>>> print(open('structure-v9.csv').read())   # CSV, C-alpha atoms and all ligand atoms
chain,number,residue,atom,x,y,z
A,1,MET,CA,133.3,87.1,52.4
A,2,ILE,CA,132.4,90.4,50.9
A,3,LYS,CA,128.9,90.5,49.4
A,4,PHE,CA,127.4,92.9,46.9
A,5,TRP,CA,123.9,94.0,46.0
A,6,TYR,CA,122.8,96.5,43.4
A,7,HIS,CA,119.8,98.8,42.8
A,8,LYS,CA,119.7,100.2,39.3
A,9,TYR,CA,118.4,103.8,38.8
A,10,GLN,CA,118.1,106.4,36.1
A,11,LEU,CA,118.9,110.1,36.4
A,12,ASN,CA,116.9,112.4,34.2
A,13,PRO,CA,118.8,115.5,33.2
A,14,ILE,CA,116.9,118.8,33.3
A,15,LEU,CA,119.4,120.3,30.8
A,16,PRO,CA,121.8,118.5,28.5
A,17,VAL,CA,124.7,117.4,30.8
A,18,ARG,CA,127.0,118.9,28.1
A,19,ALA,CA,126.3,121.2,25.2
A,20,ASN,CA,125.1,119.4,22.1
A,21,VAL,CA,124.4,116.2,24.0
A,22,GLN,CA,120.8,114.8,23.8
A,23,LEU,CA,118.6,114.9,26.8
A,24,ARG,CA,118.2,111.3,27.8
A,25,PRO,CA,118.1,109.4,31.1
A,26,ARG,CA,121.5,108.2,32.4
A,27,ASP,CA,121.9,104.8,34.0
A,28,GLY,CA,123.7,103.9,37.2
A,29,ALA,CA,123.4,101.7,40.2
A,30,LEU,CA,123.6,102.0,43.9
A,31,LEU,CA,125.8,99.4,45.6
A,32,LYS,CA,125.2,97.8,48.9
A,33,VAL,CA,128.3,96.1,50.3
A,34,ARG,CA,128.5,93.8,53.3
A,35,TRP,CA,131.9,92.8,54.8
A,36,ALA,CA,132.6,89.6,56.7
A,37,ASN,CA,132.6,91.5,60.0
A,38,GLY,CA,128.9,92.5,59.3
A,39,TRP,CA,129.6,96.1,58.3
A,40,VAL,CA,127.2,97.4,55.6
A,41,GLY,CA,127.9,100.4,53.5
A,42,TYR,CA,126.5,102.1,50.4
A,43,ALA,CA,127.9,103.9,47.4
A,44,ASP,CA,127.1,105.0,43.9
A,45,LEU,CA,128.3,103.4,40.7
A,46,PHE,CA,127.8,105.9,37.8
A,47,PRO,CA,129.7,105.3,34.6
A,48,TRP,CA,130.3,107.9,31.9
A,49,PRO,CA,130.5,105.8,28.7
A,50,GLU,CA,131.4,109.0,26.8
A,51,PHE,CA,134.7,109.0,28.7
A,52,GLY,CA,135.4,105.3,28.2
A,53,ASP,CA,133.7,103.7,31.1
A,54,ALA,CA,131.9,100.3,30.5
A,55,SER,CA,128.1,100.5,30.7
A,56,ILE,CA,126.4,99.9,34.1
A,57,GLU,CA,125.4,96.4,32.9
A,58,ASP,CA,129.0,95.6,32.0
A,59,GLN,CA,130.2,97.0,35.3
A,60,LEU,CA,127.9,94.8,37.3
A,61,TYR,CA,128.7,91.8,35.2
A,62,ALA,CA,132.4,92.4,35.7
A,63,LEU,CA,131.8,92.7,39.5
A,64,ALA,CA,130.1,89.3,39.5
A,65,LYS,CA,133.3,87.9,37.9
A,66,ALA,CA,135.5,89.7,40.5
A,67,GLN,CA,136.9,92.0,37.8
A,68,VAL,CA,136.7,95.5,39.4
A,69,SER,CA,136.9,98.6,37.3
A,70,GLN,CA,138.6,101.8,38.7
A,71,ILE,CA,135.1,103.3,39.4
A,72,ALA,CA,133.9,100.1,41.0
A,73,GLU,CA,137.0,100.0,43.1
A,74,GLN,CA,136.3,103.6,44.3
A,75,SER,CA,132.7,102.7,45.0
A,76,ILE,CA,133.7,99.9,47.2
A,77,TRP,CA,136.3,102.1,49.0
A,78,LEU,CA,133.6,104.8,49.6
A,79,ALA,CA,131.1,102.1,50.7
A,80,LYS,CA,133.6,101.1,53.3
A,81,ARG,CA,133.9,104.6,54.7
A,82,ASP,CA,130.1,104.7,54.8
A,83,ALA,CA,130.0,101.3,56.6
A,84,GLN,CA,132.5,102.4,59.3
A,85,LEU,CA,130.4,105.5,60.1
A,86,ARG,CA,127.1,103.4,60.0
A,87,PHE,CA,128.6,101.0,62.4
A,88,LYS,CA,129.3,103.9,64.8
A,89,GLN,CA,125.9,105.3,64.0
A,90,LYS,CA,127.6,108.6,63.1
A,91,ASN,CA,126.6,111.0,60.3
A,92,ALA,CA,129.4,111.9,58.0
A,93,PHE,CA,128.7,115.6,58.2
A,94,ASP,CA,128.4,115.9,62.0
A,95,GLY,CA,130.9,118.6,62.9
A,96,ALA,CA,132.2,118.9,59.3
A,97,SER,CA,133.2,122.3,58.1
A,98,LYS,CA,130.9,124.0,55.6
A,99,LEU,CA,132.4,124.0,52.2
A,100,ARG,CA,131.4,126.4,49.5
A,101,ASN,CA,130.6,125.0,46.0
A,102,HIS,CA,130.9,126.5,42.6
A,103,PHE,CA,127.8,126.7,40.4
A,104,LEU,CA,128.0,124.4,37.4
A,105,ILE,CA,126.8,125.7,34.1
A,106,PRO,CA,126.8,122.7,31.8
A,107,ASP,CA,125.3,124.4,28.7
A,108,HIS,CA,125.7,128.2,28.8
A,109,GLY,CA,123.6,128.6,25.7
A,110,ARG,CA,120.6,128.2,27.9
A,111,CYS,CA,121.8,130.4,30.8
A,112,THR,CA,120.1,133.8,30.9
A,113,ASP,CA,121.2,137.1,32.5
A,114,THR,CA,118.4,136.6,35.1
A,115,GLN,CA,119.7,133.2,36.0
A,116,ILE,CA,123.2,134.6,36.4
A,117,LYS,CA,121.8,137.2,38.8
A,118,GLU,CA,120.0,134.5,40.7
A,119,ILE,CA,123.2,132.5,41.0
A,120,ARG,CA,125.0,135.6,42.5
A,121,ASN,CA,122.0,136.4,44.8
A,122,ALA,CA,122.1,132.8,46.1
A,123,GLY,CA,125.6,133.5,47.4
A,124,PHE,CA,127.8,131.7,44.8
A,125,GLU,CA,131.1,133.4,44.2
A,126,THR,CA,132.4,131.0,41.4
A,127,VAL,CA,130.9,129.4,38.3
A,128,LYS,CA,132.3,126.5,36.4
A,129,ILE,CA,131.4,126.6,32.7
A,130,LYS,CA,131.6,123.7,30.3
A,131,VAL,CA,133.1,125.1,27.1
A,132,GLY,CA,134.6,123.9,23.8
A,133,SER,CA,131.6,123.1,21.6
A,134,ASP,CA,131.3,126.6,20.1
A,135,LEU,CA,134.3,128.8,20.8
A,136,ASP,CA,132.8,132.1,19.6
A,137,ALA,CA,129.7,131.6,21.8
A,138,ASP,CA,132.0,130.5,24.7
A,139,LEU,CA,134.1,133.6,24.4
A,140,HIS,CA,131.1,135.9,24.3
A,141,PHE,CA,129.5,134.2,27.3
A,142,VAL,CA,132.7,134.1,29.4
A,143,GLN,CA,133.6,137.7,28.7
A,144,LYS,CA,130.1,138.8,29.6
A,145,ILE,CA,130.2,136.9,32.9
A,146,ILE,CA,133.5,138.3,34.0
A,147,ARG,CA,132.9,141.8,32.8
A,148,GLN,CA,129.4,142.2,34.1
A,149,HIS,CA,129.3,140.1,37.2
A,150,PRO,CA,131.4,139.8,40.4
A,151,LEU,CA,132.0,136.1,39.8
A,152,ASN,CA,135.1,134.0,39.4
A,153,VAL,CA,135.2,131.6,36.6
A,154,ARG,CA,136.4,128.0,36.1
A,155,LEU,CA,136.4,126.8,32.5
A,156,ASP,CA,136.4,123.1,31.5
A,157,PHE,CA,137.2,122.2,27.9
A,158,ASN,CA,137.2,118.4,28.4
A,159,SER,CA,140.3,118.2,26.2
A,160,LYS,CA,138.3,119.4,23.1
A,161,LEU,CA,140.8,121.9,21.8
A,162,LYS,CA,143.9,121.8,19.7
A,163,PHE,CA,146.7,123.9,21.3
A,164,GLN,CA,146.4,126.6,18.6
A,165,GLU,CA,142.7,127.0,19.3
A,166,PHE,CA,143.4,127.3,23.0
A,167,GLU,CA,146.0,130.0,22.4
A,168,ASN,CA,143.6,132.0,20.1
A,169,PHE,CA,140.9,131.7,22.6
A,170,ILE,CA,143.0,132.9,25.6
A,171,LYS,CA,144.4,135.8,23.6
A,172,GLN,CA,140.9,137.4,23.5
A,173,PHE,CA,140.9,138.1,27.2
A,174,THR,CA,142.5,141.2,28.8
A,175,SER,CA,144.8,140.9,31.8
A,176,HIS,CA,141.9,142.2,33.9
A,177,ASP,CA,139.7,139.4,32.6
A,178,MET,CA,142.3,136.8,33.3
A,179,LYS,CA,142.3,137.7,37.0
A,180,LYS,CA,138.8,136.3,37.2
A,181,ILE,CA,139.6,133.1,35.4
A,182,GLU,CA,140.7,130.9,38.3
A,183,PHE,CA,141.7,128.0,36.1
A,184,ILE,CA,141.1,126.2,32.8
A,185,GLU,CA,140.5,122.5,33.1
A,186,ASP,CA,141.8,119.9,30.4
A,187,PRO,CA,142.3,122.5,27.7
A,188,CYS,CA,143.6,119.9,25.2
A,189,PRO,CA,144.5,116.2,25.2
A,190,TRP,CA,147.5,115.6,27.5
A,191,ASP,CA,150.8,116.4,25.9
A,192,PHE,CA,153.5,117.8,28.1
A,193,VAL,CA,154.7,120.5,25.7
A,194,ALA,CA,151.2,121.8,24.8
A,195,TRP,CA,150.2,121.9,28.5
A,196,TYR,CA,153.4,123.6,29.4
A,197,GLU,CA,152.9,126.3,26.8
A,198,ALA,CA,149.2,126.6,27.9
A,199,SER,CA,150.3,127.0,31.5
A,200,LYS,CA,152.2,130.1,30.6
A,201,MET,CA,149.0,131.7,29.5
A,202,ALA,CA,146.5,130.6,32.3
A,203,PRO,CA,146.4,128.4,35.4
A,204,ILE,CA,145.6,124.9,34.3
A,205,ALA,CA,143.7,122.2,36.1
A,206,LEU,CA,144.0,118.5,35.4
A,207,ASP,CA,140.9,116.3,35.4
A,208,PHE,CA,140.2,113.6,32.8
A,209,GLU,CA,143.7,113.6,31.5
A,210,TYR,CA,144.9,112.4,34.9
A,211,ASP,CA,145.7,108.8,33.9
A,212,ARG,CA,147.7,109.9,30.9
A,213,VAL,CA,150.2,111.9,32.9
A,214,ASN,CA,153.6,110.4,33.6
A,215,TRP,CA,153.8,111.6,37.1
A,216,GLY,CA,157.4,110.6,37.7
A,217,ALA,CA,158.7,112.6,34.7
A,218,LEU,CA,157.0,116.0,35.3
A,219,ASP,CA,159.4,118.8,35.3
A,220,PRO,CA,158.1,121.4,35.6
A,221,THR,CA,154.5,120.5,36.5
A,222,PRO,CA,152.3,122.2,33.9
A,223,PHE,CA,149.2,122.4,36.0
A,224,LYS,CA,148.4,124.1,39.4
A,225,TYR,CA,145.2,122.3,40.2
A,226,VAL,CA,144.0,118.7,40.2
A,227,ILE,CA,140.4,117.8,40.1
A,228,LEU,CA,139.7,114.9,42.5
A,229,LYS,CA,136.5,112.9,41.9
A,230,PRO,CA,136.4,110.5,44.8
A,231,SER,CA,134.1,108.3,42.7
A,232,ARG,CA,136.8,107.9,40.0
A,233,ASN,CA,140.3,108.7,41.6
A,234,ASP,CA,142.3,107.1,44.3
A,235,VAL,CA,142.0,109.7,47.0
A,236,ASP,CA,145.2,108.9,49.0
A,237,LEU,CA,147.3,108.7,45.8
A,238,THR,CA,146.0,112.0,44.5
A,239,VAL,CA,146.8,113.7,47.9
A,240,GLN,CA,150.4,112.3,47.7
A,241,ARG,CA,150.7,113.6,44.1
A,242,ALA,CA,149.3,117.0,45.0
A,243,GLN,CA,151.7,117.3,47.9
A,244,ALA,CA,154.7,116.2,45.7
A,245,HIS,CA,153.8,118.6,42.9
A,246,LYS,CA,152.4,121.5,45.0
A,247,LEU,CA,148.9,121.3,43.5
A,248,LYS,CA,145.7,122.5,44.9
A,249,ILE,CA,142.9,119.9,45.0
A,250,VAL,CA,139.4,120.7,43.8
A,251,VAL,CA,137.1,117.9,45.0
A,252,THR,CA,134.1,117.5,42.7
A,253,SER,CA,131.3,115.1,42.2
A,254,SER,CA,131.1,113.0,39.1
A,255,MET,CA,127.7,114.6,38.2
A,256,ASP,CA,126.3,111.4,39.7
A,257,HIS,CA,123.5,110.2,42.0
A,258,PRO,CA,122.9,112.1,45.3
A,259,VAL,CA,124.6,109.2,47.1
A,260,GLY,CA,127.7,109.8,45.0
A,261,VAL,CA,127.4,113.6,45.6
A,262,MET,CA,127.3,113.1,49.4
A,263,HIS,CA,130.3,110.7,49.3
A,264,SER,CA,132.3,113.4,47.4
A,265,LEU,CA,131.3,116.0,49.9
A,266,SER,CA,132.3,113.7,52.8
A,267,VAL,CA,135.8,113.2,51.3
A,268,ALA,CA,136.1,116.9,50.8
A,269,ALA,CA,135.2,117.5,54.4
A,270,ASP,CA,137.8,115.0,55.6
A,271,LEU,CA,140.5,116.6,53.4
A,272,LYS,CA,139.6,120.0,54.7
A,273,ARG,CA,140.1,118.7,58.2
A,274,ASP,CA,143.3,116.7,57.5
A,275,HIS,CA,145.0,118.8,54.7
A,276,PRO,CA,143.4,122.3,54.9
A,277,ASP,CA,146.1,123.9,52.8
A,278,LEU,CA,145.8,121.3,50.0
A,279,LEU,CA,142.1,121.8,49.4
A,280,CYS,CA,140.7,124.6,47.3
A,281,ASP,CA,138.2,126.5,49.4
A,282,THR,CA,135.6,126.3,46.7
A,283,ILE,CA,134.7,122.7,45.8
A,284,GLY,CA,132.4,121.3,43.0
A,285,CYS,CA,130.1,118.8,44.6
A,286,LEU,CA,126.8,120.7,44.2
A,287,SER,CA,125.7,119.1,40.9
A,288,LEU,CA,122.3,118.1,42.2
A,289,SER,CA,120.3,120.5,40.0
A,290,VAL,CA,121.6,118.9,36.8
A,291,TYR,CA,118.9,116.2,37.2
A,292,ARG,CA,115.3,116.0,38.1
A,293,SER,CA,114.9,115.7,41.9
A,294,ASN,CA,114.3,112.2,43.3
A,295,GLU,CA,113.5,111.1,46.9
A,296,PHE,CA,117.2,111.2,47.8
A,297,ASN,CA,117.4,114.9,47.0
A,298,ARG,CA,114.6,115.6,49.5
A,299,GLU,CA,116.9,114.4,52.4
A,300,ILE,CA,119.7,116.8,51.5
A,301,LYS,CA,119.7,120.2,53.1
A,302,THR,CA,121.4,122.9,50.9
A,303,GLN,CA,121.7,126.7,51.3
A,304,GLY,CA,123.0,128.6,48.3
A,305,PRO,CA,126.5,127.3,47.6
A,306,PHE,CA,126.5,125.0,50.6
A,307,ILE,CA,125.4,121.4,51.0
A,308,LEU,CA,124.7,121.2,54.8
A,309,SER,CA,123.7,117.7,55.8
A,310,THR,CA,121.7,114.6,55.3
A,311,ILE,CA,119.4,112.6,57.5
A,312,GLY,CA,120.8,109.3,58.9
A,313,SER,CA,124.1,107.7,59.6
A,314,GLY,CA,127.1,107.4,57.3
A,315,ILE,CA,126.4,109.6,54.2
A,316,GLY,CA,122.7,109.4,55.2
A,317,PHE,CA,119.5,108.2,53.4
A,318,ASP,CA,119.0,105.3,55.9
A,319,SER,CA,115.3,104.9,55.5
A,320,ILE,CA,115.3,105.1,51.7
A,321,LEU,CA,118.2,102.7,51.4
A,322,GLU,CA,116.6,100.2,53.7
A,323,ARG,CA,113.4,100.1,51.6
A,324,LEU,CA,115.0,99.9,48.1
A,325,GLU,CA,114.9,96.6,46.3
A,326,TRP,CA,118.4,95.1,46.2
A,327,THR,CA,119.6,92.3,43.8
A,328,GLU,CA,122.5,90.2,45.0
A,329,ILE,CA,125.5,90.0,42.7
A,330,ARG,CA,126.3,86.3,42.7
A,331,ARG,CA,129.8,85.3,41.9
A,401,MG,MG,136.5,118.2,33.9
>>> encode(input="structure-v9.csv", output="structure tokens")
Amino acid sequence: MIKFWYHKYQLNPILPVRANVQLRPRDGALLKVRWANGWVGYADLFPWPEFGDASIEDQLYALAKAQVSQIAEQSIWLAKRDAQLRFKQKNAFDGASKLRNHFLIPDHGRCTDTQIKEIRNAGFETVKIKVGSDLDADLHFVQKIIRQHPLNVRLDFNSKLKFQEFENFIKQFTSHDMKKIEFIEDPCPWDFVAWYEASKMAPIALDFEYDRVNWGALDPTPFKYVILKPSRNDVDLTVQRAQAHKLKIVVTSSMDHPVGVMHSLSVAADLKRDHPDLLCDTIGCLSLSVYRSNEFNREIKTQGPFILSTIGSGIGFDSILERLEWTEIRR
């Protein structure tokens, strides 16, 4: 029988995780899963109630009742990958290719020119900017970045705009500017016609609207990129859809615990090995600096835009995971 334990944690944001969102700790849990054959693996369970997820308490309660949410299902799937590697005493990043990450700017109102220069000097080539809370300020910041710095830009509106607002926003950029906007993620709530019109103006990426898309009826496909968050999306299904619709996959973390971050990176490394043409060369797993550092962060080696490795087997952190206090989820 499969058995579960959890260890609750809080992540403390250094900056608001989105503009105009209060600075408050975010709750999640690490899961320890043991299968009947004795394999043990670990994963993160980090809900985003703002995007409709049940709270961590409700997620754990549901797990005890064998009701598994989509994010819990992904956690168990990731824990199994981890368990297989731990059984072989193999580190997930041994021999993996080095993958470049974008730099995430969750609240550009606090991002100074000096910081942008530091981002460039650290070796980042691409920044991903959360936008949509103040379009005038967004426009000013994005134009400044692309006109003054040799950086490519990914914008994420989290479906906050109406189509007309998107159109007005995009019209403010010159064709020269547009060359540096790699894609725009979730410009407005999913609506085939609006997205199709938007796709004539800029390359579009699909993220949180993923579940609303009627994949069988897409003709043409009004987005060129799909964001794959292994902690939220079925990886094999997303790969199939990306192949069928000629999409590029951008693997990103869910701005979650370092355990979740390393799982995302490990999935990205496997995709790079198995489907090199499908994966965008720049991924988005380096979200560690969004939160105050904890003991897990100290076991991750990074270098500018690269996350290099962890200590231990599977996704790492062996000694910390062994000494955490775990509570069994009784069914
Ligand atoms: Mg997004």
>>> residues_near_point(input="structure-v9.csv", point="(141.3, 127.3, 39.6)", cutoff="7 Å", atoms="only C-alpha atoms", output="PyMOL selection string")
chain A and resi 154+182-184+203+205+225
>>> write_last_selection(input="structure-v9.csv", atoms="C-alpha atoms", output="tab-separated table (two decimals), keeping the file's coordinate frame")
chain	number	residue	atom	x	y	z
A	154	ARG	CA	136.40	128.00	36.10
A	182	GLU	CA	140.70	130.90	38.30
A	183	PHE	CA	141.70	128.00	36.10
A	184	ILE	CA	141.10	126.20	32.80
A	203	PRO	CA	146.40	128.40	35.40
A	205	ALA	CA	143.70	122.20	36.10
A	225	TYR	CA	145.20	122.30	40.20
>>> residues_near_ligand(input="structure-v9.csv", ligand="ligand MG 401 (chain A)", cutoff="7 Å", atoms="only C-alpha atoms and all ligand atoms", output="PyMOL selection string")
chain A and resi 156+158+185-186+207-208
>>> atom_distance(input="structure-v9.csv", atom1="CA of Ala269 (chain A)", atom2="CA of Ala92 (chain A)")
8.8 Å
>>> atom_distance(input="structure-v9.csv", atom1="CA of Lys301 (chain A)", atom2="CA of Phe4 (chain A)")
29.0 Å
>>> closest_residue(input="structure-v9.csv", among="A:Trp77, A:Tyr210, A:Phe124, A:Tyr291", to="Ile14 (chain A)", atoms="all atoms listed in the file")
A:Tyr291
>>> atom_distance(input="structure-v9.csv", atom1="CA of Asp191 (chain A)", atom2="CA of Asp219 (chain A)")
13.0 Å
>>> residues_around(input="structure-v9.csv", residues="Leu271 (chain A)", least_positions_apart="3", cutoff="12 Å", atoms="all atoms listed in the file", output="PyMOL selection string")
chain A and resi 96-97+99+228+230+235-236+238-239+248-251+264-268+274-281+283
>>> closest_residue(input="structure-v9.csv", among="A:Phe157, A:Val290, A:Val226, A:Glu197", to="Leu15 (chain A)", atoms="only C-alpha atoms")
A:Val290
>>> residues_near_point(input="structure-v9.csv", point="(125.9, 126.7, 49.6)", cutoff="10 Å", atoms="all atoms listed in the file", output="compact mmCIF listing (two decimals) with C-alpha atoms, keeping the file's coordinate frame")
# COMPACT_ATOMS: atom_id res chain seq x y z
CA LYS A 98 130.90 124.00 55.60
CA LEU A 99 132.40 124.00 52.20
CA ARG A 100 131.40 126.40 49.50
CA ASN A 101 130.60 125.00 46.00
CA HIS A 102 130.90 126.50 42.60
CA PHE A 103 127.80 126.70 40.40
CA ALA A 122 122.10 132.80 46.10
CA GLY A 123 125.60 133.50 47.40
CA PHE A 124 127.80 131.70 44.80
CA LEU A 286 126.80 120.70 44.20
CA LYS A 301 119.70 120.20 53.10
CA THR A 302 121.40 122.90 50.90
CA GLN A 303 121.70 126.70 51.30
CA GLY A 304 123.00 128.60 48.30
CA PRO A 305 126.50 127.30 47.60
CA PHE A 306 126.50 125.00 50.60
CA ILE A 307 125.40 121.40 51.00
CA LEU A 308 124.70 121.20 54.80
>>> closest_residue(input="structure-v9.csv", among="A:Arg86, A:Lys246, A:His149, A:Lys160", to="Lys130 (chain A)", atoms="all atoms listed in the file")
A:Lys160
>>> residues_around(input="structure-v9.csv", residues="Pro25 (chain A)", least_positions_apart="6", cutoff="6 Å", atoms="all atoms listed in the file", output="PyMOL selection string")
chain A and resi 10-12
>>> write_last_selection(input="structure-v9.csv", atoms="C-alpha atoms", output="PDB file, in the frame of the given file")
ATOM      1  CA  GLN A  10     118.100 106.400  36.100  1.00  0.00           C
ATOM      2  CA  LEU A  11     118.900 110.100  36.400  1.00  0.00           C
ATOM      3  CA  ASN A  12     116.900 112.400  34.200  1.00  0.00           C
TER       4      ASN A  12
END
>>> closest_residue(input="structure-v9.csv", among="A:Leu30, A:Asp234, A:Gln143, A:Trp190", to="Lys162 (chain A)", atoms="only C-alpha atoms")
A:Trp190
>>> residues_around(input="structure-v9.csv", residues="region 315-330 of chain A", least_positions_apart="3", cutoff="10 Å", atoms="all atoms listed in the file", output="PDB file with C-alpha atoms, keeping the file's coordinate frame")
ATOM      1  CA  LYS A   3     128.900  90.500  49.400  1.00  0.00           C
ATOM      2  CA  PHE A   4     127.400  92.900  46.900  1.00  0.00           C
ATOM      3  CA  TRP A   5     123.900  94.000  46.000  1.00  0.00           C
ATOM      4  CA  TYR A   6     122.800  96.500  43.400  1.00  0.00           C
ATOM      5  CA  HIS A   7     119.800  98.800  42.800  1.00  0.00           C
ATOM      6  CA  LYS A   8     119.700 100.200  39.300  1.00  0.00           C
ATOM      7  CA  LEU A  30     123.600 102.000  43.900  1.00  0.00           C
ATOM      8  CA  LEU A  31     125.800  99.400  45.600  1.00  0.00           C
ATOM      9  CA  LYS A  32     125.200  97.800  48.900  1.00  0.00           C
ATOM     10  CA  VAL A  33     128.300  96.100  50.300  1.00  0.00           C
ATOM     11  CA  GLY A  41     127.900 100.400  53.500  1.00  0.00           C
ATOM     12  CA  TYR A  42     126.500 102.100  50.400  1.00  0.00           C
ATOM     13  CA  ALA A  43     127.900 103.900  47.400  1.00  0.00           C
ATOM     14  CA  LEU A  60     127.900  94.800  37.300  1.00  0.00           C
ATOM     15  CA  TYR A  61     128.700  91.800  35.200  1.00  0.00           C
ATOM     16  CA  LEU A  63     131.800  92.700  39.500  1.00  0.00           C
ATOM     17  CA  ALA A  64     130.100  89.300  39.500  1.00  0.00           C
ATOM     18  CA  LYS A  65     133.300  87.900  37.900  1.00  0.00           C
ATOM     19  CA  LEU A  78     133.600 104.800  49.600  1.00  0.00           C
ATOM     20  CA  ALA A  79     131.100 102.100  50.700  1.00  0.00           C
ATOM     21  CA  ARG A  81     133.900 104.600  54.700  1.00  0.00           C
ATOM     22  CA  ASP A  82     130.100 104.700  54.800  1.00  0.00           C
ATOM     23  CA  ALA A  83     130.000 101.300  56.600  1.00  0.00           C
ATOM     24  CA  LEU A  85     130.400 105.500  60.100  1.00  0.00           C
ATOM     25  CA  ARG A  86     127.100 103.400  60.000  1.00  0.00           C
ATOM     26  CA  LYS A  90     127.600 108.600  63.100  1.00  0.00           C
ATOM     27  CA  ASN A  91     126.600 111.000  60.300  1.00  0.00           C
ATOM     28  CA  ALA A  92     129.400 111.900  58.000  1.00  0.00           C
ATOM     29  CA  PHE A  93     128.700 115.600  58.200  1.00  0.00           C
ATOM     30  CA  PRO A 258     122.900 112.100  45.300  1.00  0.00           C
ATOM     31  CA  VAL A 259     124.600 109.200  47.100  1.00  0.00           C
ATOM     32  CA  GLY A 260     127.700 109.800  45.000  1.00  0.00           C
ATOM     33  CA  VAL A 261     127.400 113.600  45.600  1.00  0.00           C
ATOM     34  CA  MET A 262     127.300 113.100  49.400  1.00  0.00           C
ATOM     35  CA  HIS A 263     130.300 110.700  49.300  1.00  0.00           C
ATOM     36  CA  SER A 264     132.300 113.400  47.400  1.00  0.00           C
ATOM     37  CA  LEU A 265     131.300 116.000  49.900  1.00  0.00           C
ATOM     38  CA  SER A 266     132.300 113.700  52.800  1.00  0.00           C
ATOM     39  CA  GLU A 295     113.500 111.100  46.900  1.00  0.00           C
ATOM     40  CA  PHE A 296     117.200 111.200  47.800  1.00  0.00           C
ATOM     41  CA  ASN A 297     117.400 114.900  47.000  1.00  0.00           C
ATOM     42  CA  ARG A 298     114.600 115.600  49.500  1.00  0.00           C
ATOM     43  CA  GLU A 299     116.900 114.400  52.400  1.00  0.00           C
ATOM     44  CA  ILE A 300     119.700 116.800  51.500  1.00  0.00           C
ATOM     45  CA  SER A 309     123.700 117.700  55.800  1.00  0.00           C
ATOM     46  CA  THR A 310     121.700 114.600  55.300  1.00  0.00           C
ATOM     47  CA  ILE A 311     119.400 112.600  57.500  1.00  0.00           C
ATOM     48  CA  GLY A 312     120.800 109.300  58.900  1.00  0.00           C
TER      49      GLY A 312
END
>>> residues_around(input="structure-v9.csv", residues="Ala198 (chain A)", least_positions_apart="3", cutoff="12 Å", atoms="all atoms listed in the file", output="count of residues only")
33
>>> closest_residue(input="structure-v9.csv", among="A:Asp256, A:Asp177, A:Asp270, A:Glu50", to="Ser289 (chain A)", atoms="all atoms listed in the file")
A:Asp256
>>> closest_residue(input="structure-v9.csv", among="A:Leu135, A:Ile129, A:Ala217, A:Leu23", to="Ile181 (chain A)", atoms="all atoms listed in the file")
A:Ile129
